[in-house]
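Just target_34.txt here, compact mmCIF, C-alpha atoms:
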# COMPACT_ATOMS: atom_id res chain seq x y z
CA MET A 1 0.00 0.00 0.00
CA HIS A 2 2.73 2.48 0.94
CA GLN A 3 4.48 2.07 -2.41
CA ASP A 4 1.30 2.84 -4.35
CA TRP A 5 2.34 6.45 -4.65
CA ILE A 6 5.59 5.49 -6.42
CA TRP A 7 3.69 3.52 -9.04
CA GLY A 8 1.20 6.37 -9.18
CA LEU A 9 4.03 8.76 -10.00
CA VAL A 10 5.55 6.38 -12.58
CA GLY A 11 2.16 5.86 -14.23
CA GLY A 12 1.58 9.61 -14.14
CA LEU A 13 4.87 10.24 -15.96
CA MET A 14 3.80 7.71 -18.61
CA ILE A 15 0.43 9.43 -18.99
CA GLY A 16 2.25 12.75 -19.37
CA ALA A 17 4.54 11.19 -21.99
CA GLY A 18 1.51 9.96 -23.94
CA ALA A 19 -0.09 13.40 -23.79
CA GLY A 20 3.20 15.08 -24.76
CA LEU A 21 3.71 12.78 -27.73
CA PHE A 22 0.17 13.44 -28.97
CA LEU A 23 0.66 17.20 -28.64
CA LEU A 24 4.14 17.52 -30.16
CA VAL A 25 3.87 14.91 -32.91
CA ASN A 26 0.20 15.01 -33.88
CA GLY A 27 -0.59 18.51 -32.68
CA ARG A 28 -3.57 17.31 -30.66
CA ILE A 29 -4.81 17.67 -27.11
CA MET A 30 -5.00 14.29 -25.39
CA GLY A 31 -8.48 14.50 -23.92
CA ALA A 32 -10.21 11.14 -23.64
CA SER A 33 -13.75 12.53 -23.53
CA GLY A 34 -13.13 14.77 -26.53
CA ILE A 35 -11.60 11.98 -28.61
CA ILE A 36 -14.50 9.61 -27.88
CA GLY A 37 -17.14 12.33 -27.95
CA GLY A 38 -16.08 13.51 -31.39
CA LEU A 39 -16.80 10.01 -32.70
CA VAL A 40 -20.14 9.74 -30.88
CA ASP A 41 -21.69 13.06 -31.96
CA GLY A 42 -19.98 13.25 -35.36
CA SER A 43 -18.10 16.48 -34.61
CA GLY A 44 -14.76 14.74 -35.26
CA ARG A 45 -15.73 13.50 -38.73
CA GLU A 46 -12.50 14.66 -40.35
CA THR A 47 -10.18 12.98 -37.83
CA VAL A 48 -11.92 9.63 -37.40
CA SER A 49 -8.91 7.42 -38.17
CA GLU A 50 -6.64 9.27 -35.74
CA ARG A 51 -9.25 9.02 -32.99
CA VAL A 52 -9.82 5.33 -33.63
CA ALA A 53 -6.06 4.68 -33.62
CA PHE A 54 -5.66 6.48 -30.29
CA LEU A 55 -8.54 4.57 -28.71
CA GLY A 56 -7.16 1.36 -30.20
CA GLY A 57 -3.90 1.88 -28.33
CA LEU A 58 -5.72 2.87 -25.18
CA ILE A 59 -7.86 -0.27 -25.23
CA ALA A 60 -5.33 -2.79 -26.59
CA VAL A 61 -2.14 -1.99 -24.67
CA PRO A 62 -3.20 -2.27 -20.98
CA PRO A 63 -4.28 -5.95 -21.26
CA LEU A 64 -0.80 -6.77 -22.61
CA LEU A 65 0.64 -5.61 -19.29
CA VAL A 66 -1.97 -7.27 -17.08
CA PRO A 67 -0.08 -10.63 -16.99
CA LEU A 68 2.83 -8.83 -15.25
CA TYR A 69 0.63 -8.46 -12.19
CA THR A 70 -0.59 -11.23 -9.93
CA THR A 71 -4.03 -9.67 -9.85
CA VAL A 72 -5.60 -6.63 -11.44
CA ASP A 73 -8.84 -5.95 -9.62
CA THR A 74 -10.85 -3.01 -10.87
CA HIS A 75 -13.33 -3.29 -7.95
CA MET A 76 -16.02 -2.31 -10.44
CA THR A 77 -19.51 -2.12 -8.99
CA SER A 78 -22.10 -4.62 -10.29
CA SER A 79 -25.07 -2.41 -9.52
CA VAL A 80 -26.76 -1.71 -12.84
CA TRP A 81 -28.36 1.55 -11.74
CA VAL A 82 -25.09 2.90 -10.39
CA ILE A 83 -23.25 2.03 -13.62
CA VAL A 84 -25.94 3.47 -15.90
CA ALA A 85 -26.39 6.66 -13.85
CA ALA A 86 -22.64 7.17 -13.54
CA GLY A 87 -22.03 6.52 -17.25
CA LEU A 88 -24.75 8.96 -18.32
CA MET A 89 -23.45 11.65 -15.95
CA VAL A 90 -19.84 11.19 -17.07
CA GLY A 91 -20.83 11.29 -20.76
CA LEU A 92 -23.11 14.32 -20.43
CA GLY A 93 -20.91 16.22 -18.00
CA THR A 94 -17.63 15.85 -19.87
CA ARG A 95 -19.19 16.96 -23.15
CA ILE A 96 -21.01 19.93 -21.60
CA ALA A 97 -17.80 20.99 -19.83
CA ASN A 98 -15.77 20.12 -22.95
CA GLY A 99 -13.20 18.00 -21.11
CA CYS A 100 -12.44 15.47 -18.41
CA THR A 101 -9.54 14.46 -16.18
CA SER A 102 -7.11 14.13 -19.09
CA GLY A 103 -8.07 17.19 -21.14
CA HIS A 104 -8.88 19.75 -18.45
CA GLY A 105 -6.74 18.07 -15.80
CA VAL A 106 -3.49 16.87 -17.37
CA CYS A 107 -3.36 19.09 -20.47
CA GLY A 108 -5.13 22.16 -19.01
CA ILE A 109 -3.56 22.56 -15.59
CA SER A 110 -0.05 22.10 -17.02
CA ARG A 111 -0.40 25.24 -19.15
CA PHE A 112 -2.06 27.11 -16.27
CA SER A 113 -5.37 27.32 -18.10
CA LEU A 114 -7.99 28.95 -15.87
CA ARG A 115 -10.71 26.82 -17.48
CA GLY A 116 -8.76 23.64 -16.76
CA ILE A 117 -8.18 24.61 -13.15
CA VAL A 118 -11.81 25.64 -12.55
CA ALA A 119 -13.11 22.45 -14.23
CA THR A 120 -10.80 20.32 -12.09
CA ALA A 121 -11.92 22.08 -8.91
CA PHE A 122 -15.57 21.44 -9.75
CA TYR A 123 -15.28 17.80 -10.81
CA LEU A 124 -13.30 17.07 -7.65
CA LEU A 125 -16.03 18.85 -5.68
CA GLY A 126 -18.74 16.87 -7.49
CA GLY A 127 -16.94 13.60 -6.81
CA ALA A 128 -16.27 14.35 -3.15
CA LEU A 129 -19.91 15.38 -2.58
CA VAL A 130 -21.17 12.15 -4.14
CA LEU A 131 -18.89 10.10 -1.89
CA VAL A 132 -20.14 11.96 1.18
CA ILE A 133 -23.81 11.58 0.25
CA PHE A 134 -23.91 8.13 -1.32
CA ARG A 135 -21.27 6.40 0.79
CA HIS A 136 -21.43 8.04 4.20
CA PHE A 137 -25.09 9.11 4.42
CA LEU A 138 -26.93 6.60 2.24
CA GLY A 139 -24.36 3.80 2.24
CA VAL A 140 -25.18 2.67 -1.30
CA ILE A 141 -21.75 2.80 -2.96
CA MET B 1 2.02 8.03 -39.69
CA ARG B 2 -0.46 10.11 -37.69
CA ASN B 3 -2.36 6.97 -36.84
CA PHE B 4 0.76 5.18 -35.70
CA PHE B 5 1.68 7.94 -33.26
CA ALA B 6 -1.94 8.26 -32.15
CA PHE B 7 -1.92 4.54 -31.35
CA LEU B 8 1.37 4.97 -29.49
CA SER B 9 0.04 7.90 -27.46
CA GLY B 10 -3.11 5.99 -26.57
CA GLY B 11 -1.01 2.97 -25.64
CA LEU B 12 1.26 5.00 -23.36
CA PHE B 13 -1.78 6.63 -21.77
CA GLY B 14 -3.44 3.25 -21.15
CA ALA B 15 -0.23 1.65 -19.85
CA GLY B 16 0.27 4.61 -17.51
CA LEU B 17 -3.27 4.30 -16.19
CA LEU B 18 -2.71 0.62 -15.46
CA VAL B 19 0.71 1.12 -13.83
CA ALA B 20 -0.65 3.98 -11.72
CA GLY B 21 -3.54 1.80 -10.54
CA MET B 22 -6.10 4.22 -11.97
CA VAL B 23 -8.08 1.39 -13.52
CA ASP B 24 -8.96 0.45 -9.94
CA THR B 25 -12.21 2.22 -9.08
CA LYS B 26 -11.48 1.72 -5.39
CA LYS B 27 -8.35 3.89 -5.59
CA VAL B 28 -10.19 6.63 -7.49
CA GLN B 29 -13.09 6.62 -5.04
CA GLY B 30 -10.54 6.45 -2.22
CA TRP B 31 -9.06 9.73 -3.44
CA LEU B 32 -12.46 11.41 -3.60
CA ASP B 33 -13.52 10.00 -0.24
CA VAL B 34 -11.98 12.72 1.91
CA PHE B 35 -14.02 11.70 4.97
CA GLY B 36 -13.28 7.99 4.62
CA ASP B 37 -10.19 5.88 4.05
CA TRP B 38 -8.45 8.57 1.98
CA ASP B 39 -6.04 7.41 -0.73
CA PRO B 40 -3.61 10.06 -2.06
CA THR B 41 -2.37 8.02 -5.07
CA LEU B 42 -4.32 10.05 -7.63
CA ALA B 43 -2.49 13.23 -6.60
CA PHE B 44 0.84 11.59 -7.50
CA VAL B 45 -0.55 10.42 -10.84
CA MET B 46 -1.84 13.89 -11.64
CA GLY B 47 1.38 15.48 -10.39
CA GLY B 48 3.53 13.21 -12.56
CA ALA B 49 1.46 13.75 -15.69
CA VAL B 50 1.13 17.52 -15.20
CA SER B 51 4.87 17.98 -14.57
CA VAL B 52 5.77 16.21 -17.84
CA MET B 53 3.20 18.27 -19.70
CA PHE B 54 4.50 21.48 -18.13
CA PHE B 55 7.81 20.99 -19.94
CA VAL B 56 6.11 19.77 -23.11
CA TRP B 57 4.06 22.99 -23.29
CA ILE B 58 7.24 25.09 -23.15
CA PHE B 59 8.33 23.47 -26.41
CA ALA B 60 4.84 23.23 -27.85
CA LYS B 61 4.10 26.94 -27.43
CA ARG B 62 7.15 27.86 -29.53
CA ARG B 63 6.04 25.70 -32.43
CA GLU B 64 3.89 26.82 -35.34
CA THR B 65 3.14 23.28 -36.48
CA SER B 66 3.38 19.81 -35.00
CA MET B 67 6.23 17.47 -35.95
CA LEU B 68 3.98 15.93 -38.58
CA GLY B 69 3.16 19.33 -40.01
CA SER B 70 -0.40 19.85 -38.79
CA PRO B 71 -1.31 23.07 -36.97
CA MET B 72 -0.84 23.15 -33.21
CA PRO B 73 -4.04 23.33 -31.16
CA GLY B 74 -5.47 26.63 -30.05
CA PRO B 75 -6.26 29.40 -29.54
CA PHE B 76 -8.14 28.01 -26.58
CA PRO B 77 -11.37 29.43 -25.17
CA ARG B 78 -10.70 31.44 -22.04
CA LEU B 79 -14.17 32.06 -20.73
CA VAL B 80 -15.14 30.32 -17.51
CA ASP B 81 -18.84 29.85 -18.14
CA ARG B 82 -21.77 28.02 -16.67
CA ASN B 83 -21.39 25.01 -18.97
CA LEU B 84 -17.85 24.45 -17.71
CA VAL B 85 -18.92 24.56 -14.07
CA LEU B 86 -22.19 22.60 -14.37
CA GLY B 87 -20.70 20.03 -16.74
CA SER B 88 -17.71 19.46 -14.48
CA LEU B 89 -19.91 19.07 -11.40
CA LEU B 90 -22.06 16.51 -13.23
CA PHE B 91 -19.01 14.67 -14.55
CA GLY B 92 -17.44 14.64 -11.08
CA ALA B 93 -20.60 13.21 -9.57
CA GLY B 94 -20.62 10.37 -12.09
CA TRP B 95 -16.90 9.84 -11.60
CA GLY B 96 -17.40 9.48 -7.84
CA LEU B 97 -20.39 7.20 -8.24
CA ALA B 98 -18.58 4.52 -10.26
CA GLY B 99 -14.91 5.52 -9.87
CA LEU B 100 -14.46 5.67 -13.64
CA CYS B 101 -13.70 8.54 -16.01
CA PRO B 102 -13.48 8.26 -19.81
CA GLY B 103 -9.76 7.34 -20.04
CA PRO B 104 -9.73 4.45 -17.56
CA ALA B 105 -13.15 3.32 -18.79
CA MET B 106 -11.53 2.64 -22.18
CA GLY B 107 -8.22 1.41 -20.78
CA SER B 108 -9.83 -1.21 -18.56
CA LEU B 109 -12.49 -2.23 -21.07
CA SER B 110 -10.84 -5.55 -21.93
CA PHE B 111 -10.73 -6.81 -18.34
CA ASN B 112 -13.58 -4.98 -16.64
CA GLY B 113 -16.38 -7.43 -17.46
CA TRP B 114 -19.90 -6.59 -18.65
CA GLU B 115 -19.96 -3.76 -16.13
CA GLY B 116 -17.24 -1.91 -18.05
CA TRP B 117 -19.15 -2.29 -21.31
CA LEU B 118 -22.40 -1.13 -19.73
CA PHE B 119 -20.63 1.94 -18.37
CA LEU B 120 -19.15 2.69 -21.80
CA ILE B 121 -22.56 2.39 -23.50
CA ALA B 122 -24.19 4.66 -20.91
CA MET B 123 -21.34 7.14 -21.32
CA GLY B 124 -21.81 7.09 -25.10
CA VAL B 125 -25.53 7.78 -24.69
CA GLY B 126 -24.72 10.67 -22.36
CA MET B 127 -22.27 12.07 -24.91
CA ALA B 128 -24.82 11.76 -27.69
CA LEU B 129 -27.37 13.66 -25.57
CA ALA B 130 -24.93 16.43 -24.65
CA PRO B 131 -25.56 18.68 -27.71
CA ARG B 132 -29.29 18.70 -26.82
CA ALA B 133 -28.51 19.43 -23.19
CA LYS B 134 -26.29 22.32 -24.25
CA ALA B 135 -28.99 23.71 -26.56
CA TRP B 136 -31.48 23.48 -23.72
CA LEU B 137 -29.12 25.25 -21.36
CA SER B 138 -28.59 28.09 -23.82
CA VAL B 139 -32.37 28.53 -24.27
CA LEU B 140 -32.60 28.89 -20.51
CA ASP B 141 -29.91 31.53 -20.79
CA ARG B 142 -31.70 33.56 -23.42
CA SER B 143 -35.00 33.69 -21.61
CA THR B 144 -33.57 34.87 -18.32
CA LEU B 145 -30.35 36.76 -18.82
CA GLU B 146 -30.09 38.26 -22.27
CA VAL B 147 -31.28 41.78 -22.98
CA PRO B 148 -33.84 41.82 -25.84
CA PRO B 149 -31.94 42.42 -29.08
CA CYS B 150 -32.25 45.58 -31.08
CA GLU B 151 -34.12 44.81 -34.31
CA ASN B 152 -32.51 45.36 -37.74
CA GLY B 153 -29.37 46.59 -36.07
CA THR B 154 -30.38 50.17 -36.92
CA LYS B 155 -30.20 52.89 -34.40
CA GLU B 156 -33.62 53.60 -33.01
CA THR B 157 -34.82 56.71 -31.35
CA PRO B 158 -36.50 56.24 -27.98
CA ALA B 159 -39.78 57.36 -29.52
CA THR B 160 -39.94 54.61 -32.17
CA SER B 161 -39.01 51.83 -29.78
CA ALA B 162 -41.64 53.07 -27.34
CA THR B 163 -44.39 52.99 -29.96
CA ARG B 164 -43.36 49.50 -31.03
CA GLY B 165 -43.56 48.29 -27.49
CA ALA B 166 -47.11 49.61 -27.12
Can you present the structure in this file as structure tokens?
Amino acid sequence: MHQDWIWGLVGGLMIGAGAGLFLLVNGRIMGASGIIGGLVDGSGRETVSERVAFLGGLIAVPPLLVPLYTTVDTHMTSSVWVIVAAGLMVGLGTRIANGCTSGHGVCGISRFSLRGIVATAFYLLGGALVLVIFRHFLGVI
Amino acid sequence: MRNFFAFLSGGLFGAGLLVAGMVDTKKVQGWLDVFGDWDPTLAFVMGGAVSVMFFVWIFAKRRETSMLGSPMPGPFPRLVDRNLVLGSLLFGAGWGLAGLCPGPAMGSLSFNGWEGWLFLIAMGVGMALAPRAKAWLSVLDRSTLEVPPCENGTKETPATSATRGA
């Protein structure tokens, strides 16, 4: 448990490297919600292949590394209503706010973007409030 | 070539998420759960990623085009508006509820069971509904906040606008 932060830092550096590569080589912002969202609502019609290639890497590479670990437990909830509600909120929210943890967080904060910082403050607030209400008061998650 | 580097970037992103433990919803919820068994890992992940990107931006801002010749992104919107705040709050709430955001949802798709797929489908539906939600929000805006527009764009004397109003 106490070495989790080291792996967190290492993983974070890798995430930054991925975002840096995408920015310097392809000239794109690495925002997961924007890359997926552009495919869903058709706004990224001209860059479909690039988006699909990025998502291909994102989906295909992690399972190659899974065998290196004894167990990879995602602790994913099995409650259908929680999954559906959470998925809808994440999809709607990220597209209304035009970014998520990777776009506003990683790419925005690092260039001191006020929008990125404000967005991060509010999604952290939203998440913390939900944990307080649904875990500590209602005990459902 | 673009697709190759896009695949590589996505792969690095996904590998980083796995190494950092961010595919584990318990760690993400642990970070958000400030009144519970708080887990600071996410701060290290964010710190690592942001510090790399800080240096990348120094180079990126000097460039006119990317290494493959396409224009660099920007100029970026600067306005902190209601959509940014409301959307982020809603996203954060969903993030806390399941412990998944779009990146890890994709990265863990192959080993996250039917639950991961259900989340992805729901997220896609939410994304597809977002343009409508935004249109609805802007209608709300117009009816409450905006000053009635001046017709024809011509300068009106107070007398003519008064008669029109009557």
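When all atoms listed in the file are used to compute distances to Gly21 of chain B, the closest of the residues A:Phe22, A:Phe54, A:Tyr69, A:Phe137 turns out to be A:Tyr69.
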Set up a box along x, y and z of the file covering all listed atoms of segment 49-61 of chain A, add 8 Å on every one of the six sides, and write the centre and edge lengths in Å to one decimal, as JSON.
{"center_x": -6.0, "center_y": 3.2, "center_z": -31.4, "size_x": 23.7, "size_y": 28.1, "size_z": 29.5}
At a cut-off of 8 Å around the point (-24.9, 15.9, -25.7) (file coordinates), what residues fall inside when counting all atoms listed in the file? I'd like the answer as a ChimeraX atom specification. /A:41,91-92,95-96 /B:126-134
Residues at most 6 Å from segment 27-41 of chain B, counting all atoms listed in the file, excluding those fewer than 4 positions away in the same chain, as a PyMOL selection string? (chain A and resi 5+8+127-128+131) or (chain B and resi 96+99)
Identify the residues around (-19.2, 5.3, -9.0) within a radius of 9 Å, measuring from all atoms listed in the file in the coordinates stated by the file, and give them as number ranges by chain. A: 76-77, 82-83, 85-87, 127, 130-131, 141; B: 25, 29, 93-100
Determine, for each residue of chain B having at least one atom at most 6 Å from an atom of chain A, the closest pair of atoms and their separation in Å to one decimal, counting only C-alpha atoms; order by chain and ascending number, as a tab-separated table.
residue	atom	partner	partner_atom	distance
B:Asn3	CA	A:Glu50	CA	5.0
B:Ala6	CA	A:Phe54	CA	4.5
B:Phe7	CA	A:Phe54	CA	4.3
B:Ser9	CA	A:Gly18	CA	4.3
B:Gly10	CA	A:Leu58	CA	4.3
B:Gly11	CA	A:Gly57	CA	4.1
B:Leu12	CA	A:Gly18	CA	5.0
B:Phe13	CA	A:Ile15	CA	4.5
B:Gly14	CA	A:Leu58	CA	4.6
B:Ala15	CA	A:Pro62	CA	5.0
B:Gly16	CA	A:Gly11	CA	4.0
B:Leu17	CA	A:Gly11	CA	6.0
B:Val19	CA	A:Gly11	CA	5.0
B:Ala20	CA	A:Gly8	CA	3.9
B:Val23	CA	A:Thr74	CA	5.8
B:Asp24	CA	A:Thr74	CA	4.1
B:Thr25	CA	A:Thr74	CA	5.7
B:Lys26	CA	A:His75	CA	5.9
B:Leu32	CA	A:Ala128	CA	4.8
B:Asp33	CA	A:Leu131	CA	5.6
B:Thr41	CA	A:Trp5	CA	5.0
B:Phe44	CA	A:Leu9	CA	4.9
B:Val45	CA	A:Gly12	CA	4.0
B:Gly48	CA	A:Gly12	CA	4.4
B:Ala49	CA	A:Gly16	CA	3.9
B:Val50	CA	A:Ser110	CA	5.1
B:Val52	CA	A:Gly16	CA	5.2
B:Met53	CA	A:Gly16	CA	5.6
B:Phe54	CA	A:Ser110	CA	4.7
B:Val56	CA	A:Gly20	CA	5.8
B:Ser66	CA	A:Gly27	CA	4.8
B:Met67	CA	A:Val25	CA	4.6
B:Leu68	CA	A:Val25	CA	5.8
B:Met72	CA	A:Gly27	CA	4.7
B:Val80	CA	A:Arg115	CA	5.6
B:Asn83	CA	A:Ala97	CA	5.5
B:Leu84	CA	A:Ala97	CA	4.1
B:Gly87	CA	A:Gly93	CA	4.0
B:Ser88	CA	A:Tyr123	CA	4.7
B:Leu89	CA	A:Gly126	CA	4.6
B:Leu90	CA	A:Gly93	CA	4.9
B:Phe91	CA	A:Gly93	CA	4.2
B:Gly92	CA	A:Tyr123	CA	3.8
B:Ala93	CA	A:Gly127	CA	4.6
B:Gly94	CA	A:Ala86	CA	4.1
B:Gly96	CA	A:Gly127	CA	4.3
B:Leu97	CA	A:Ala86	CA	5.8
B:Ala98	CA	A:Ala86	CA	5.9
B:Pro102	CA	A:Ser33	CA	5.7
B:Gly103	CA	A:Ala32	CA	5.3
B:Met106	CA	A:Ile59	CA	5.6
B:Gly107	CA	A:Ile59	CA	4.8
B:Phe119	CA	A:Gly87	CA	4.9
B:Ala122	CA	A:Gly87	CA	4.6
B:Met123	CA	A:Gly87	CA	4.2
B:Gly126	CA	A:Gly91	CA	4.3
B:Met127	CA	A:Gly91	CA	4.5
B:Ala128	CA	A:Asp41	CA	5.5
B:Ala130	CA	A:Leu92	CA	5.1
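In this structure, atom CA of Phe111 of chain B sits 19.0 Å away from atom CA of Gly124 of chain B.
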Atom CA of Leu86 of chain B to atom CA of Ile133 of chain A, straight-line distance in Å: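 Here the two named atoms are 18.4 Å from each other.
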Mind pulling up the distance from atom CA of Trp57 of chain B to atom CA of Leu42 of chain B?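 Computing it gives 22.0 Å between the two atoms.
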Complete segment 116-134 of chain A with N, CA and C atoms (output as a short mmCIF file (atom, residue, chain, number, x, y, z; two decimals), in the frame of the given file).
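Output file selection-v8.cif is given in full below:
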data_model
loop_
_atom_site.label_atom_id
_atom_site.label_comp_id
_atom_site.auth_asym_id
_atom_site.auth_seq_id
_atom_site.Cartn_x
_atom_site.Cartn_y
_atom_site.Cartn_z
N GLY A 116 -9.16 24.96 -17.22
CA GLY A 116 -8.76 23.64 -16.76
C GLY A 116 -8.76 23.55 -15.25
N ILE A 117 -8.27 24.61 -14.61
CA ILE A 117 -8.18 24.61 -13.15
C ILE A 117 -9.58 24.67 -12.52
N VAL A 118 -10.45 25.53 -13.08
CA VAL A 118 -11.81 25.64 -12.55
C VAL A 118 -12.56 24.31 -12.76
N ALA A 119 -12.44 23.73 -13.96
CA ALA A 119 -13.11 22.45 -14.23
C ALA A 119 -12.64 21.40 -13.24
N THR A 120 -11.34 21.32 -13.01
CA THR A 120 -10.80 20.32 -12.09
C THR A 120 -11.34 20.53 -10.68
N ALA A 121 -11.39 21.79 -10.24
CA ALA A 121 -11.92 22.08 -8.91
C ALA A 121 -13.36 21.58 -8.79
N PHE A 122 -14.16 21.81 -9.84
CA PHE A 122 -15.57 21.44 -9.75
C PHE A 122 -15.81 19.94 -9.93
N TYR A 123 -15.01 19.24 -10.76
CA TYR A 123 -15.28 17.80 -10.81
C TYR A 123 -14.76 17.09 -9.56
N LEU A 124 -13.72 17.63 -8.94
CA LEU A 124 -13.30 17.07 -7.65
C LEU A 124 -14.38 17.31 -6.59
N LEU A 125 -14.95 18.52 -6.62
CA LEU A 125 -16.03 18.85 -5.68
C LEU A 125 -17.22 17.92 -5.90
N GLY A 126 -17.62 17.75 -7.17
CA GLY A 126 -18.74 16.87 -7.49
C GLY A 126 -18.49 15.45 -6.99
N GLY A 127 -17.28 14.95 -7.23
CA GLY A 127 -16.94 13.60 -6.81
C GLY A 127 -16.94 13.45 -5.30
N ALA A 128 -16.34 14.42 -4.60
CA ALA A 128 -16.27 14.35 -3.15
C ALA A 128 -17.67 14.41 -2.53
N LEU A 129 -18.54 15.27 -3.09
CA LEU A 129 -19.91 15.38 -2.58
C LEU A 129 -20.66 14.06 -2.73
N VAL A 130 -20.49 13.43 -3.90
CA VAL A 130 -21.17 12.15 -4.14
C VAL A 130 -20.70 11.09 -3.14
N LEU A 131 -19.40 11.08 -2.87
CA LEU A 131 -18.89 10.10 -1.89
C LEU A 131 -19.49 10.36 -0.51
N VAL A 132 -19.56 11.62 -0.12
CA VAL A 132 -20.14 11.96 1.18
C VAL A 132 -21.60 11.51 1.25
N ILE A 133 -22.37 11.87 0.22
CA ILE A 133 -23.81 11.58 0.25
C ILE A 133 -24.08 10.09 0.08
N PHE A 134 -23.53 9.49 -0.98
CA PHE A 134 -23.91 8.13 -1.32
C PHE A 134 -23.16 7.06 -0.53
#
